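Colleague: This is the content of run22.cif (mmCIF, C-alpha atoms (C1' of nucleotides)):
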data_entry
loop_
_atom_site.label_atom_id
_atom_site.label_comp_id
_atom_site.auth_asym_id
_atom_site.auth_seq_id
_atom_site.Cartn_x
_atom_site.Cartn_y
_atom_site.Cartn_z
CA MET A 5 16.45 0.62 -37.15
CA SER A 6 12.93 -0.56 -36.70
CA LYS A 7 11.24 1.03 -33.74
CA ILE A 8 8.17 -0.93 -32.94
CA LYS A 9 5.51 -2.56 -35.01
CA TYR A 10 2.08 -3.73 -34.08
CA GLU A 11 0.34 -6.43 -36.03
CA LEU A 12 -3.34 -7.03 -35.44
CA ILE A 13 -3.82 -10.78 -35.60
CA LYS A 14 -7.47 -11.11 -34.77
CA LYS A 15 -10.43 -9.24 -33.37
CA GLU A 16 -12.74 -11.00 -31.00
CA ALA A 17 -16.14 -11.60 -32.57
CA HIS A 18 -18.37 -9.89 -30.00
CA THR A 19 -16.22 -7.16 -28.44
CA GLN A 20 -13.43 -4.75 -29.28
CA ALA A 21 -10.83 -7.12 -27.86
CA ARG A 22 -7.74 -7.61 -30.00
CA LEU A 23 -5.09 -10.26 -30.31
CA GLY A 24 -1.90 -8.77 -31.64
CA LYS A 25 1.82 -9.06 -31.99
CA LEU A 26 4.28 -6.44 -30.95
CA TYR A 27 7.67 -6.41 -32.66
CA THR A 28 10.33 -4.67 -30.62
CA ASN A 29 14.09 -4.44 -30.80
CA HIS A 30 14.16 -6.82 -27.87
CA GLY A 31 11.80 -9.51 -29.00
CA VAL A 32 8.33 -10.18 -30.32
CA TYR A 33 5.45 -10.39 -27.89
CA GLU A 34 1.76 -11.10 -28.11
CA THR A 35 -0.84 -8.73 -26.76
CA PRO A 36 -2.87 -8.25 -24.59
CA MET A 37 0.10 -7.83 -22.33
CA PHE A 38 0.76 -6.78 -18.75
CA MET A 39 3.90 -4.79 -17.99
CA PRO A 40 5.38 -5.03 -14.49
CA VAL A 41 6.59 -1.72 -13.13
CA GLY A 42 10.27 -1.22 -12.39
CA THR A 43 10.38 2.43 -11.47
CA GLN A 44 13.98 2.62 -10.40
CA ALA A 45 15.37 0.22 -12.99
CA THR A 46 14.23 -2.79 -11.01
CA VAL A 47 10.93 -4.51 -10.55
CA LYS A 48 11.09 -4.39 -6.80
CA THR A 49 12.57 -7.56 -5.31
CA LEU A 50 12.70 -9.48 -8.60
CA ALA A 51 15.54 -10.44 -10.91
CA PRO A 52 15.23 -10.14 -14.71
CA GLU A 53 15.39 -13.92 -15.19
CA GLU A 54 12.48 -14.33 -12.80
CA LEU A 55 10.42 -11.86 -14.78
CA LYS A 56 11.09 -13.77 -17.95
CA LYS A 57 10.19 -17.01 -16.28
CA VAL A 58 6.73 -15.76 -15.40
CA GLY A 59 6.25 -14.69 -19.01
CA SER A 60 6.60 -10.96 -18.77
CA GLY A 61 7.47 -8.99 -21.89
CA ILE A 62 7.92 -5.26 -21.63
CA ILE A 63 8.72 -3.72 -18.27
CA LEU A 64 8.26 -0.09 -17.33
CA ALA A 65 10.89 2.19 -15.86
CA ASN A 66 10.55 5.78 -14.82
CA THR A 67 12.20 8.81 -16.34
CA TYR A 68 11.68 11.04 -13.34
CA HIS A 69 13.30 8.69 -10.84
CA LEU A 70 16.22 7.73 -13.05
CA TRP A 71 16.82 11.36 -13.92
CA LEU A 72 17.23 12.18 -10.23
CA ARG A 73 19.16 9.04 -9.43
CA PRO A 74 21.54 7.86 -10.72
CA GLY A 75 21.12 10.32 -13.61
CA GLU A 76 20.64 9.53 -17.29
CA ASP A 77 24.29 10.20 -18.12
CA ILE A 78 25.49 7.40 -15.90
CA ILE A 79 22.98 5.03 -17.47
CA ALA A 80 24.05 6.16 -20.94
CA GLU A 81 27.66 5.58 -19.96
CA ALA A 82 26.75 2.10 -18.80
CA GLY A 83 25.50 1.44 -22.30
CA GLY A 84 21.83 2.25 -21.83
CA LEU A 85 19.14 1.04 -19.49
CA HIS A 86 19.11 -2.54 -20.76
CA LYS A 87 22.77 -3.07 -20.06
CA PHE A 88 22.66 -1.07 -16.86
CA MET A 89 19.97 -3.25 -15.32
CA ASN A 90 20.81 -6.46 -17.17
CA TYR A 91 17.41 -6.76 -18.81
CA ASP A 92 17.41 -7.76 -22.46
CA GLY A 93 13.65 -7.62 -22.90
CA PRO A 94 11.88 -4.48 -24.02
CA ILE A 95 11.64 -1.48 -21.70
CA LEU A 96 9.16 1.35 -21.78
CA THR A 97 9.98 4.53 -19.92
CA ASP A 98 7.26 6.64 -18.42
CA SER A 99 7.79 10.30 -19.12
CA GLY A 100 7.51 11.77 -15.65
CA GLY A 101 4.03 12.97 -16.53
CA PHE A 102 2.46 11.02 -13.74
CA GLN A 103 4.70 12.83 -11.28
CA VAL A 104 2.96 16.00 -12.36
CA PHE A 105 -0.10 14.47 -10.86
CA SER A 106 1.45 12.83 -7.82
CA LEU A 107 4.27 15.18 -6.85
CA ALA A 108 3.91 18.65 -8.30
CA ASN A 109 1.72 21.30 -6.88
CA PRO A 110 -0.78 22.13 -9.66
CA LYS A 111 0.19 25.75 -9.66
CA ASN A 112 3.69 24.71 -10.67
CA ILE A 113 2.47 23.62 -14.08
CA SER A 114 3.18 26.13 -16.82
CA GLU A 115 3.28 26.14 -20.59
CA GLU A 116 6.97 25.51 -20.44
CA GLY A 117 6.81 22.48 -18.17
CA VAL A 118 6.47 21.44 -14.55
CA MET A 119 8.39 22.53 -11.50
CA PHE A 120 9.05 19.55 -9.26
CA LYS A 121 10.31 19.52 -5.78
CA ASN A 122 12.93 16.82 -5.95
CA HIS A 123 11.73 14.25 -3.42
CA LEU A 124 15.26 13.25 -2.52
CA ASN A 125 16.66 16.56 -1.41
CA GLY A 126 13.98 19.18 -1.93
CA ASP A 127 15.66 20.88 -4.88
CA LYS A 128 13.37 22.59 -7.32
CA MET A 129 13.71 21.14 -10.78
CA LEU A 130 12.01 21.91 -14.07
CA LEU A 131 10.88 19.06 -16.27
CA THR A 132 9.80 20.00 -19.77
CA PRO A 133 8.65 17.90 -22.73
CA GLU A 134 12.04 18.40 -24.37
CA LYS A 135 13.90 17.46 -21.22
CA SER A 136 11.79 14.35 -20.62
CA ILE A 137 12.39 13.16 -24.17
CA ALA A 138 16.10 13.96 -24.00
CA ILE A 139 16.42 11.88 -20.83
CA GLN A 140 14.50 9.02 -22.37
CA ASN A 141 16.63 9.20 -25.51
CA LYS A 142 19.69 8.74 -23.34
CA LEU A 143 18.15 5.98 -21.26
CA ASP A 144 17.64 4.28 -24.61
CA SER A 145 14.44 2.49 -23.72
CA ASP A 146 12.50 0.75 -26.49
CA ILE A 147 9.49 2.97 -25.98
CA ALA A 148 9.46 6.55 -24.76
CA MET A 149 6.31 8.22 -23.54
CA SER A 150 5.23 11.74 -24.33
CA PHE A 151 5.37 14.14 -21.44
CA ASP A 152 1.77 14.78 -20.42
CA GLU A 153 -0.27 16.20 -17.62
CA CYS A 154 -2.35 13.62 -15.82
CA PRO A 155 -5.17 15.66 -14.33
CA PRO A 156 -7.26 14.27 -11.51
CA ALA A 157 -10.40 12.49 -12.65
CA SER A 158 -12.37 15.01 -10.64
CA ALA A 159 -11.04 17.96 -12.68
CA SER A 160 -13.65 20.31 -14.08
CA TYR A 161 -14.47 20.35 -17.78
CA GLU A 162 -12.76 23.67 -18.12
CA TYR A 163 -9.58 22.56 -16.41
CA MET A 164 -9.56 19.35 -18.38
CA GLU A 165 -10.02 21.13 -21.70
CA ASN A 166 -7.09 23.45 -21.05
CA SER A 167 -5.02 20.57 -19.78
CA ILE A 168 -5.50 18.29 -22.80
CA LYS A 169 -4.71 21.14 -25.17
CA ARG A 170 -1.49 21.85 -23.34
CA THR A 171 -0.69 18.15 -23.30
CA LEU A 172 -1.13 18.15 -27.07
CA ARG A 173 1.26 21.07 -27.43
CA TRP A 174 3.70 19.23 -25.18
CA ALA A 175 3.29 16.08 -27.28
CA LYS A 176 4.19 18.02 -30.42
CA ARG A 177 7.21 19.60 -28.77
CA GLY A 178 8.32 16.21 -27.47
CA LYS A 179 7.99 14.62 -30.86
CA GLU A 180 10.07 17.34 -32.44
CA ALA A 181 12.71 16.93 -29.75
CA HIS A 182 12.79 13.17 -30.05
CA ASN A 183 16.14 12.09 -31.37
CA ASN A 184 16.75 8.38 -30.98
CA PRO A 185 16.23 6.48 -34.23
CA HIS A 186 15.58 3.09 -32.67
CA GLN A 187 13.31 4.28 -29.89
CA ALA A 188 9.53 4.41 -30.37
CA LEU A 189 7.50 7.33 -29.03
CA PHE A 190 3.92 7.04 -27.80
CA GLY A 191 1.29 9.75 -27.53
CA ILE A 192 -1.11 9.98 -24.61
CA VAL A 193 -4.85 10.60 -24.77
CA GLN A 194 -6.36 12.51 -21.85
CA GLY A 195 -9.76 14.03 -21.15
CA GLY A 196 -11.15 12.36 -18.05
CA ALA A 197 -14.61 10.92 -18.49
CA TYR A 198 -15.69 13.75 -20.82
CA LYS A 199 -16.74 12.21 -24.10
CA ASP A 200 -15.95 15.09 -26.43
CA LEU A 201 -12.64 15.83 -24.74
CA ARG A 202 -11.48 12.23 -25.07
CA LYS A 203 -12.50 12.28 -28.70
CA TYR A 204 -10.74 15.57 -29.33
CA SER A 205 -7.62 14.46 -27.50
CA ALA A 206 -7.53 11.12 -29.35
CA ILE A 207 -8.02 12.61 -32.82
CA LYS A 208 -5.50 15.37 -32.27
CA THR A 209 -2.93 13.03 -30.75
CA VAL A 210 -3.28 10.62 -33.66
CA GLU A 211 -2.81 13.51 -36.07
CA LEU A 212 0.64 13.97 -34.58
CA ASP A 213 1.39 10.41 -35.70
CA PHE A 214 3.00 8.42 -32.90
CA ASP A 215 4.28 4.84 -32.86
CA GLY A 216 1.62 3.84 -30.37
CA TYR A 217 -1.09 5.42 -28.24
CA SER A 218 -1.85 5.49 -24.57
CA ILE A 219 -4.92 6.24 -22.60
CA GLY A 220 -3.94 8.17 -19.53
CA GLY A 221 -5.57 9.82 -16.59
CA VAL A 222 -7.54 6.82 -15.39
CA ALA A 223 -7.53 5.01 -12.05
CA ASN A 224 -6.67 8.07 -10.08
CA ASP A 225 -8.37 10.31 -7.56
CA ASN A 226 -11.08 7.84 -6.52
CA GLU A 227 -12.40 7.74 -10.05
CA SER A 228 -15.34 5.36 -10.37
CA LYS A 229 -15.00 2.19 -12.42
CA GLU A 230 -17.78 3.46 -14.58
CA ASP A 231 -15.85 6.61 -15.44
CA MET A 232 -12.72 4.63 -16.12
CA TYR A 233 -14.51 2.38 -18.59
CA LYS A 234 -16.12 5.40 -20.21
CA ALA A 235 -12.73 7.05 -20.61
CA ILE A 236 -11.55 3.97 -22.49
CA GLU A 237 -14.69 3.68 -24.60
CA TYR A 238 -14.51 7.34 -25.54
CA SER A 239 -10.88 6.97 -26.67
CA THR A 240 -10.30 3.68 -28.47
CA PRO A 241 -12.68 4.28 -31.41
CA TYR A 242 -10.41 7.08 -32.60
CA LEU A 243 -7.16 5.15 -32.34
CA PRO A 244 -5.79 3.50 -35.50
CA ALA A 245 -6.17 -0.26 -35.69
CA ASP A 246 -2.58 -0.77 -36.75
CA LYS A 247 -1.04 0.84 -33.69
CA VAL A 248 -0.78 -0.60 -30.21
CA ARG A 249 -2.91 0.81 -27.36
CA TYR A 250 -1.71 1.11 -23.84
CA LEU A 251 -3.90 1.87 -20.84
CA MET A 252 -1.67 3.53 -18.31
CA GLY A 253 -1.56 2.52 -14.69
CA VAL A 254 -4.28 -0.08 -14.70
CA GLY A 255 -3.89 -3.48 -13.19
CA GLU A 256 -6.82 -4.76 -11.17
CA PRO A 257 -7.87 -8.04 -12.77
CA LYS A 258 -11.34 -6.68 -13.45
CA ASP A 259 -10.00 -3.53 -15.09
CA ILE A 260 -7.65 -5.50 -17.31
CA ILE A 261 -10.54 -7.61 -18.54
CA GLU A 262 -12.78 -4.59 -19.09
CA GLY A 263 -9.94 -2.78 -20.82
CA VAL A 264 -9.24 -5.64 -23.20
CA ILE A 265 -12.91 -5.88 -24.06
CA ARG A 266 -12.79 -2.19 -24.99
CA GLY A 267 -9.80 -2.64 -27.27
CA VAL A 268 -6.75 -2.11 -25.05
CA ASP A 269 -3.56 -4.09 -25.72
CA ILE A 270 -1.12 -3.18 -22.96
CA PHE A 271 -1.43 -2.45 -19.24
CA ASP A 272 0.99 -1.57 -16.52
CA CYS A 273 0.47 -1.35 -12.81
CA VAL A 274 2.29 -1.20 -9.51
CA LEU A 275 -0.48 -3.15 -7.87
CA PRO A 276 0.96 -6.69 -8.00
CA THR A 277 4.23 -5.63 -6.42
CA ARG A 278 2.81 -3.10 -4.00
CA LEU A 279 0.10 -5.46 -2.82
CA ALA A 280 2.77 -8.11 -2.41
CA ARG A 281 4.82 -5.90 -0.13
CA HIS A 282 1.73 -5.43 2.00
CA GLY A 283 0.93 -9.13 2.10
CA HIS A 284 -1.93 -9.30 -0.39
CA ALA A 285 -2.11 -11.88 -3.15
CA PHE A 286 -4.33 -12.42 -6.16
CA THR A 287 -5.97 -15.82 -6.39
CA LYS A 288 -8.47 -17.42 -8.69
CA TYR A 289 -11.05 -16.94 -5.95
CA GLY A 290 -10.29 -13.32 -5.17
CA LYS A 291 -7.66 -11.25 -3.44
CA ILE A 292 -6.47 -12.55 -0.10
CA ASN A 293 -4.64 -10.85 2.73
CA LEU A 294 -1.95 -13.18 3.98
CA LYS A 295 -1.74 -11.23 7.21
CA ASN A 296 -5.15 -12.59 8.17
CA ALA A 297 -5.00 -14.90 11.19
CA LYS A 298 -6.88 -17.62 9.35
CA PHE A 299 -3.76 -18.43 7.30
CA LYS A 300 -1.61 -19.16 10.34
CA LYS A 301 -1.85 -22.90 9.82
CA ASP A 302 -2.73 -22.95 6.15
CA PHE A 303 -0.11 -25.18 4.60
CA THR A 304 -1.46 -24.92 1.07
CA PRO A 305 -0.17 -22.65 -1.72
CA ILE A 306 -1.56 -19.17 -2.34
CA ASP A 307 -3.37 -20.50 -5.39
CA GLU A 308 -3.68 -24.23 -6.06
CA THR A 309 -4.22 -23.54 -9.75
CA CYS A 310 -1.11 -21.37 -10.16
CA ASP A 311 2.04 -22.60 -11.90
CA CYS A 312 4.43 -20.03 -10.43
CA TYR A 313 7.56 -20.81 -8.42
CA THR A 314 5.95 -19.52 -5.24
CA CYS A 315 2.86 -21.68 -5.52
CA GLN A 316 4.91 -24.72 -6.48
CA ASN A 317 7.13 -24.48 -3.43
CA TYR A 318 5.71 -22.42 -0.58
CA THR A 319 2.68 -22.37 1.71
CA LYS A 320 0.48 -19.54 2.89
CA ALA A 321 1.50 -20.21 6.48
CA TYR A 322 5.17 -19.75 5.64
CA ILE A 323 4.65 -16.64 3.53
CA LYS A 324 2.38 -15.18 6.20
CA HIS A 325 5.16 -15.70 8.69
CA LEU A 326 7.66 -13.95 6.41
CA ILE A 327 5.32 -10.99 5.93
CA ASN A 328 4.58 -10.76 9.64
CA ALA A 329 8.28 -10.88 10.41
CA ASN A 330 8.91 -8.22 7.77
CA GLU A 331 11.21 -10.48 5.82
CA THR A 332 11.73 -9.32 2.25
CA PHE A 333 11.60 -12.85 0.93
CA GLY A 334 7.88 -12.80 1.62
CA ALA A 335 7.36 -9.71 -0.56
CA ARG A 336 9.48 -11.38 -3.21
CA LEU A 337 7.49 -14.58 -3.26
CA ILE A 338 4.16 -12.77 -3.46
CA SER A 339 5.44 -10.31 -6.08
CA LEU A 340 6.45 -13.21 -8.25
CA HIS A 341 3.05 -14.80 -7.82
CA ASN A 342 1.02 -11.63 -8.34
CA ILE A 343 2.84 -10.77 -11.54
CA ARG A 344 2.45 -14.31 -12.79
CA PHE A 345 -1.27 -14.09 -11.95
CA LEU A 346 -1.80 -11.01 -14.11
CA ILE A 347 0.29 -12.38 -16.96
CA LYS A 348 -1.65 -15.63 -16.80
CA LEU A 349 -4.80 -13.54 -17.00
CA THR A 350 -3.60 -11.94 -20.23
CA GLU A 351 -2.72 -15.40 -21.56
CA ASP A 352 -6.24 -16.57 -20.81
CA LEU A 353 -7.62 -13.45 -22.47
CA LYS A 354 -5.58 -14.17 -25.60
CA GLU A 355 -7.03 -17.66 -25.67
CA ALA A 356 -10.55 -16.27 -25.24
CA ILE A 357 -10.03 -13.86 -28.14
CA LYS A 358 -8.90 -16.73 -30.32
CA ASN A 359 -11.99 -18.66 -29.34
CA ASP A 360 -14.35 -15.69 -29.61
CA ASN A 361 -15.68 -16.34 -26.12
CA ILE A 362 -14.29 -13.48 -24.10
CA MET A 363 -17.64 -12.59 -22.52
CA GLU A 364 -18.03 -16.15 -21.32
CA PHE A 365 -14.51 -16.03 -19.96
CA LYS A 366 -15.31 -12.79 -18.17
CA THR A 367 -18.45 -14.22 -16.59
CA GLU A 368 -16.61 -17.26 -15.34
CA PHE A 369 -13.67 -15.23 -14.06
CA TYR A 370 -15.97 -12.89 -12.16
CA GLN A 371 -17.87 -15.80 -10.66
CA ASN A 372 -14.66 -17.20 -9.27
CA TYR A 373 -12.89 -13.98 -8.37
CA TYR A 374 -15.70 -11.85 -7.07
CA GLY A 375 -18.19 -14.56 -6.25
CA GLU A 376 -20.63 -12.96 -8.71
CA LYS A 377 -23.38 -14.92 -10.32
"C1'" G B 8 13.91 -11.62 59.58
"C1'" C B 9 13.61 -5.96 59.26
"C1'" G B 10 12.82 -1.58 56.25
"C1'" G B 11 11.67 0.91 51.50
"C1'" A B 12 9.47 0.93 46.57
"C1'" A B 13 6.29 -1.00 43.10
"C1'" U B 14 1.82 -3.74 41.17
"C1'" U B 15 -2.72 -0.16 35.09
"C1'" G B 16 -4.58 -4.47 28.39
"C1'" G B 17 -0.42 -9.29 25.00
"C1'" U B 18 4.14 -5.82 25.95
"C1'" G B 19 6.40 -0.91 27.38
"C1'" A B 20 4.00 2.46 29.84
"C1'" A B 21 0.98 7.85 30.86
"C1'" G B 22 -2.73 9.42 34.09
"C1'" U B 23 -6.72 11.73 37.40
"C1'" G B 24 -11.00 11.69 43.52
"C1'" G B 25 -16.13 12.83 39.24
"C1'" U B 26 -18.93 11.75 31.74
"C1'" U B 27 -15.92 7.49 26.84
"C1'" A B 28 -8.12 5.13 31.17
"C1'" A B 29 -3.19 8.96 26.87
"C1'" C B 30 0.50 7.16 23.76
"C1'" A B 31 3.63 3.41 21.47
"C1'" C B 32 4.43 -1.61 19.99
"C1'" G B 33 1.82 -6.07 19.25
"C1'" C B 34 -2.62 -8.23 17.78
"C1'" C B 35 -7.32 -8.12 14.60
"C1'" G B 36 -9.38 -6.01 10.19
"C1'" G B 37 -9.31 -2.70 5.85
"C1'" A B 38 -7.01 0.32 1.97
"C1'" U B 39 -3.50 0.41 -2.13
"C1'" U B 40 -4.42 1.03 -10.09
"C1'" G B 41 1.70 5.53 -15.50
"C1'" U B 42 5.34 3.29 -7.05
"C1'" G B 43 8.48 9.26 -2.72
"C1'" G B 44 8.71 0.10 -1.04
"C1'" C B 45 8.32 -1.58 4.40
"C1'" U B 46 2.83 3.26 4.14
"C1'" C B 47 -2.04 4.88 5.36
"C1'" C B 48 -6.96 4.15 7.93
"C1'" G B 49 -9.92 1.68 11.55
"C1'" G B 50 -10.60 -1.73 15.87
"C1'" U B 51 -8.43 -3.55 20.21
"C1'" A B 52 -8.38 -2.74 29.12
"C1'" U B 53 -17.12 -3.17 31.35
"C1'" G B 54 -11.43 -2.26 33.84
"C1'" C B 55 -6.25 -0.08 36.67
"C1'" A B 56 -2.92 -7.13 41.82
"C1'" U B 57 -6.80 -9.29 45.58
"C1'" G B 58 -10.12 -8.27 49.76
"C1'" G B 59 -11.99 -4.61 52.88
"C1'" G B 60 -12.69 0.66 54.26
"C1'" U B 61 -13.26 6.31 53.69
"C1'" U B 62 -16.41 9.19 50.22
"C1'" C B 63 -22.31 11.35 47.08
"C1'" G B 64 -18.38 9.08 43.93
"C1'" A B 65 -12.18 5.78 43.78
"C1'" U B 66 -7.67 3.19 39.28
"C1'" C B 67 -6.16 7.53 42.03
"C1'" C B 68 -6.92 8.21 49.78
"C1'" C B 69 -6.54 4.37 54.10
"C1'" C B 70 -5.85 -0.86 55.94
"C1'" A B 71 -4.78 -5.96 55.17
"C1'" U B 72 -3.10 -9.85 51.96
"C1'" A B 73 -0.32 -11.56 47.69
"C1'" U B 74 3.50 -10.91 44.24
"C1'" U B 75 7.87 -8.40 42.39
"C1'" U B 76 12.05 -5.62 43.48
"C1'" C B 77 15.87 -2.86 46.24
"C1'" G B 78 18.67 -2.17 50.78
"C1'" C B 79 20.25 -4.08 55.63
"C1'" C B 80 21.15 -8.22 59.02
#
Please lay out the structure from this file as structure tokens.
Modeller:
Amino acid sequence: MSKIKYELIKKEAHTQARLGKLYTNHGVYETPMFMPVGTQATVKTLAPEELKKVGSGIILANTYHLWLRPGEDIIAEAGGLHKFMNYDGPILTDSGGFQVFSLANPKNISEEGVMFKNHLNGDKMLLTPEKSIAIQNKLDSDIAMSFDECPPASASYEYMENSIKRTLRWAKRGKEAHNNPHQALFGIVQGGAYKDLRKYSAIKTVELDFDGYSIGGVANDNESKEDMYKAIEYSTPYLPADKVRYLMGVGEPKDIIEGVIRGVDIFDCVLPTRLARHGHAFTKYGKINLKNAKFKKDFTPIDETCDCYTCQNYTKAYIKHLINANETFGARLISLHNIRFLIKLTEDLKEAIKNDNIMEFKTEFYQNYYGEK
RNA sequence: GCGGAAUUGGUGAAGUGGUUAACACGCCGGAUUGUGGCUCCGGUAUGCAUGGGUUCGAUCCCCAUAUUUCGCC
């Protein structure tokens, strides 16, 4: 019957970084943590066992997509999302809120909910906080997300203020509609890079008392790094220490480090898998593009220091060939590596928190990755 | 051997007597942050088979040569 529990193990001495433990119905995991994204009940190209092997904990699936296809009833009939997709680790479902930002025309947002144009067949569909929660209840994920609006970072103060207030009303409605005793429900803090709006949103969201808290609305709309870090800094001070904090949609190595330093515990991002499909790989010494001609005869692994299956067995030249030939095995190999890279990063961050030297770790990482002094 | 047609970048090709030779693929780069996977954005022929000629000007007109191709003997 337990939903989710966060235990703060240790705070880093010089920053807000936290080492914690997350107890879920599908295992106990340490944070900081990176969640691979499996929108349509699959982390693209990868099998569940492979995800476990690279050390991933929670994965993210998407309410909106699974609602449209195959439909939450079919997944419920299968015995829930875990059984349906054969993943026995924890699953978090996004609420569909991000689709408000990416799919819906802004004028289709009302107090009641959001009108979407179904991207599969063009049908108009209404997603409301109650509906989003009902779908997530049926999907039976470990963590459900509140249905929020994710306004563009460039939104005006006025728009943002109205938006966060509506998101708060939606959060309350969603919480009241929530009806799955072993599923946790997270609230989402919005407010762009406006200090008082982030504060207001955080305090009011916490008042509603959720099982965990997210910081949303970052890394969109060409938002500057500076604004992203501000959005985090303006939010985390108002979040309770005994609840987990999740920064939504963030996954560049630099942003994960900066997020952890500002007190974030969980991240998710499509970047490792999307970059992989386009031939880009993370390495200790920066991101590389395997399509580049210089890798044609490079018979060394993507990253000599990496312990993943890909780096243990395959060369850049081979993977470049697969990507050039549009073979899916190439995307698979890089996806595996990229996810392992980010998870390894969180492992290193955990170690740095234990040792109270996260700023030193950051400096060294940046030197290697970005060539900074 | 005779006659016809063709010859434009790595490939398939469009095109006009007059500034920067269309487009597609490929190639070379770049992008990508709660995913509408195989997308988006750049760059990529100092030259239009070769040599002459006509013209103020030719990739586009004329001649020759070469190559390819089709038909006939």
Colleague: With the PyMOL selection byres ((chain A and resi 90) around 10) as the selection, what would be picked from this file? Answer as a short mmCIF file (atom, residue, chain, number, x, y, z; two decimals) with C-alpha atoms, in the frame of the given file, please.
Modeller:
data_model
loop_
_atom_site.label_atom_id
_atom_site.label_comp_id
_atom_site.auth_asym_id
_atom_site.auth_seq_id
_atom_site.Cartn_x
_atom_site.Cartn_y
_atom_site.Cartn_z
CA ALA A 45 15.37 0.22 -12.99
CA THR A 46 14.23 -2.79 -11.01
CA ALA A 51 15.54 -10.44 -10.91
CA PRO A 52 15.23 -10.14 -14.71
CA GLU A 53 15.39 -13.92 -15.19
CA GLY A 84 21.83 2.25 -21.83
CA LEU A 85 19.14 1.04 -19.49
CA HIS A 86 19.11 -2.54 -20.76
CA LYS A 87 22.77 -3.07 -20.06
CA PHE A 88 22.66 -1.07 -16.86
CA MET A 89 19.97 -3.25 -15.32
CA TYR A 91 17.41 -6.76 -18.81
CA ASP A 92 17.41 -7.76 -22.46
CA GLY A 93 13.65 -7.62 -22.90
#
Colleague: List, as an MDAnalysis selection string, every residue that the PyMOL selection byres ((chain A) within 7 of (chain B)) selects in the file provided.
Modeller: chainID A and resid 43 98 102 123 223 252:256 273:275 279
Colleague: Given the point (15.1, -9.4, 56.6) in the file's coordinates, find the residues that have an atom at most 9 Å from it, counting all atoms listed in the file, and give them as a list in words.
Modeller: G8, C9, G10, C79 and C80 of chain B
Colleague: May I have the residues within 10 Å of Lys9 of chain A as a list in words, using all atoms listed in the file and disregarding those fewer than 5 positions away in the same chain?
Modeller: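 Residues near the query, excluding close chain neighbours: Lys25, Leu26, Tyr27, Thr28, Asn29, Val32, Ala188, Asp215, Gly216, Asp246, Lys247 and Val248 of chain A.
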Colleague: Just so the selection is clear, what residues does the PyMOL selection byres ((chain B and resi 76) around 10) cover here, as a list of chain:residue names?
Modeller: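 With the shown file as input, the PyMOL selection byres ((chain B and resi 76) around 10) matches B:A12, B:A13, B:U75, B:C77.
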Colleague: Write out as a VMD selection string which residues come within 7 Å of segment 56-67 of chain B when counting only C-alpha atoms (C1' of nucleotides), dropping same-chain ones fewer than 5 positions away.
Modeller: chain B and resid 14 23 to 25
Colleague: If we draw a sphere of 12 Å around (-4.6, 20.9, -23.6), which residues have at least one atom in it when counting only C-alpha atoms (C1' of nucleotides)? Please report them as a compact mmCIF listing (two decimals) with C-alpha atoms, in the frame of the given file.
Modeller:
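Saved result, selection_11.txt, follows:
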# COMPACT_ATOMS: atom_id res chain seq x y z
CA SER A 114 3.18 26.13 -16.82
CA GLU A 115 3.28 26.14 -20.59
CA ASP A 152 1.77 14.78 -20.42
CA GLU A 153 -0.27 16.20 -17.62
CA CYS A 154 -2.35 13.62 -15.82
CA PRO A 155 -5.17 15.66 -14.33
CA TYR A 161 -14.47 20.35 -17.78
CA GLU A 162 -12.76 23.67 -18.12
CA TYR A 163 -9.58 22.56 -16.41
CA MET A 164 -9.56 19.35 -18.38
CA GLU A 165 -10.02 21.13 -21.70
CA ASN A 166 -7.09 23.45 -21.05
CA SER A 167 -5.02 20.57 -19.78
CA ILE A 168 -5.50 18.29 -22.80
CA LYS A 169 -4.71 21.14 -25.17
CA ARG A 170 -1.49 21.85 -23.34
CA THR A 171 -0.69 18.15 -23.30
CA LEU A 172 -1.13 18.15 -27.07
CA ARG A 173 1.26 21.07 -27.43
CA TRP A 174 3.70 19.23 -25.18
CA ALA A 175 3.29 16.08 -27.28
CA LYS A 176 4.19 18.02 -30.42
CA ILE A 192 -1.11 9.98 -24.61
CA VAL A 193 -4.85 10.60 -24.77
CA GLN A 194 -6.36 12.51 -21.85
CA GLY A 195 -9.76 14.03 -21.15
CA LEU A 201 -12.64 15.83 -24.74
CA ARG A 202 -11.48 12.23 -25.07
CA TYR A 204 -10.74 15.57 -29.33
CA SER A 205 -7.62 14.46 -27.50
CA ALA A 206 -7.53 11.12 -29.35
CA LYS A 208 -5.50 15.37 -32.27
CA THR A 209 -2.93 13.03 -30.75
Colleague: Give me, please, the distance in Å between atom CA of Ala285 of chain A and atom CA of Asn226 of chain A, quoted to one decimal.
Modeller: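 Interatomic distance, atom CA of Ala285 of chain A to atom CA of Asn226 of chain A: 21.9 Å.
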Colleague: Can you tell me how far atom CA of Leu251 of chain A sits from atom CA of Arg266 of chain A, in Å to one decimal?
Modeller: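 Here the two named atoms are 10.6 Å from each other.
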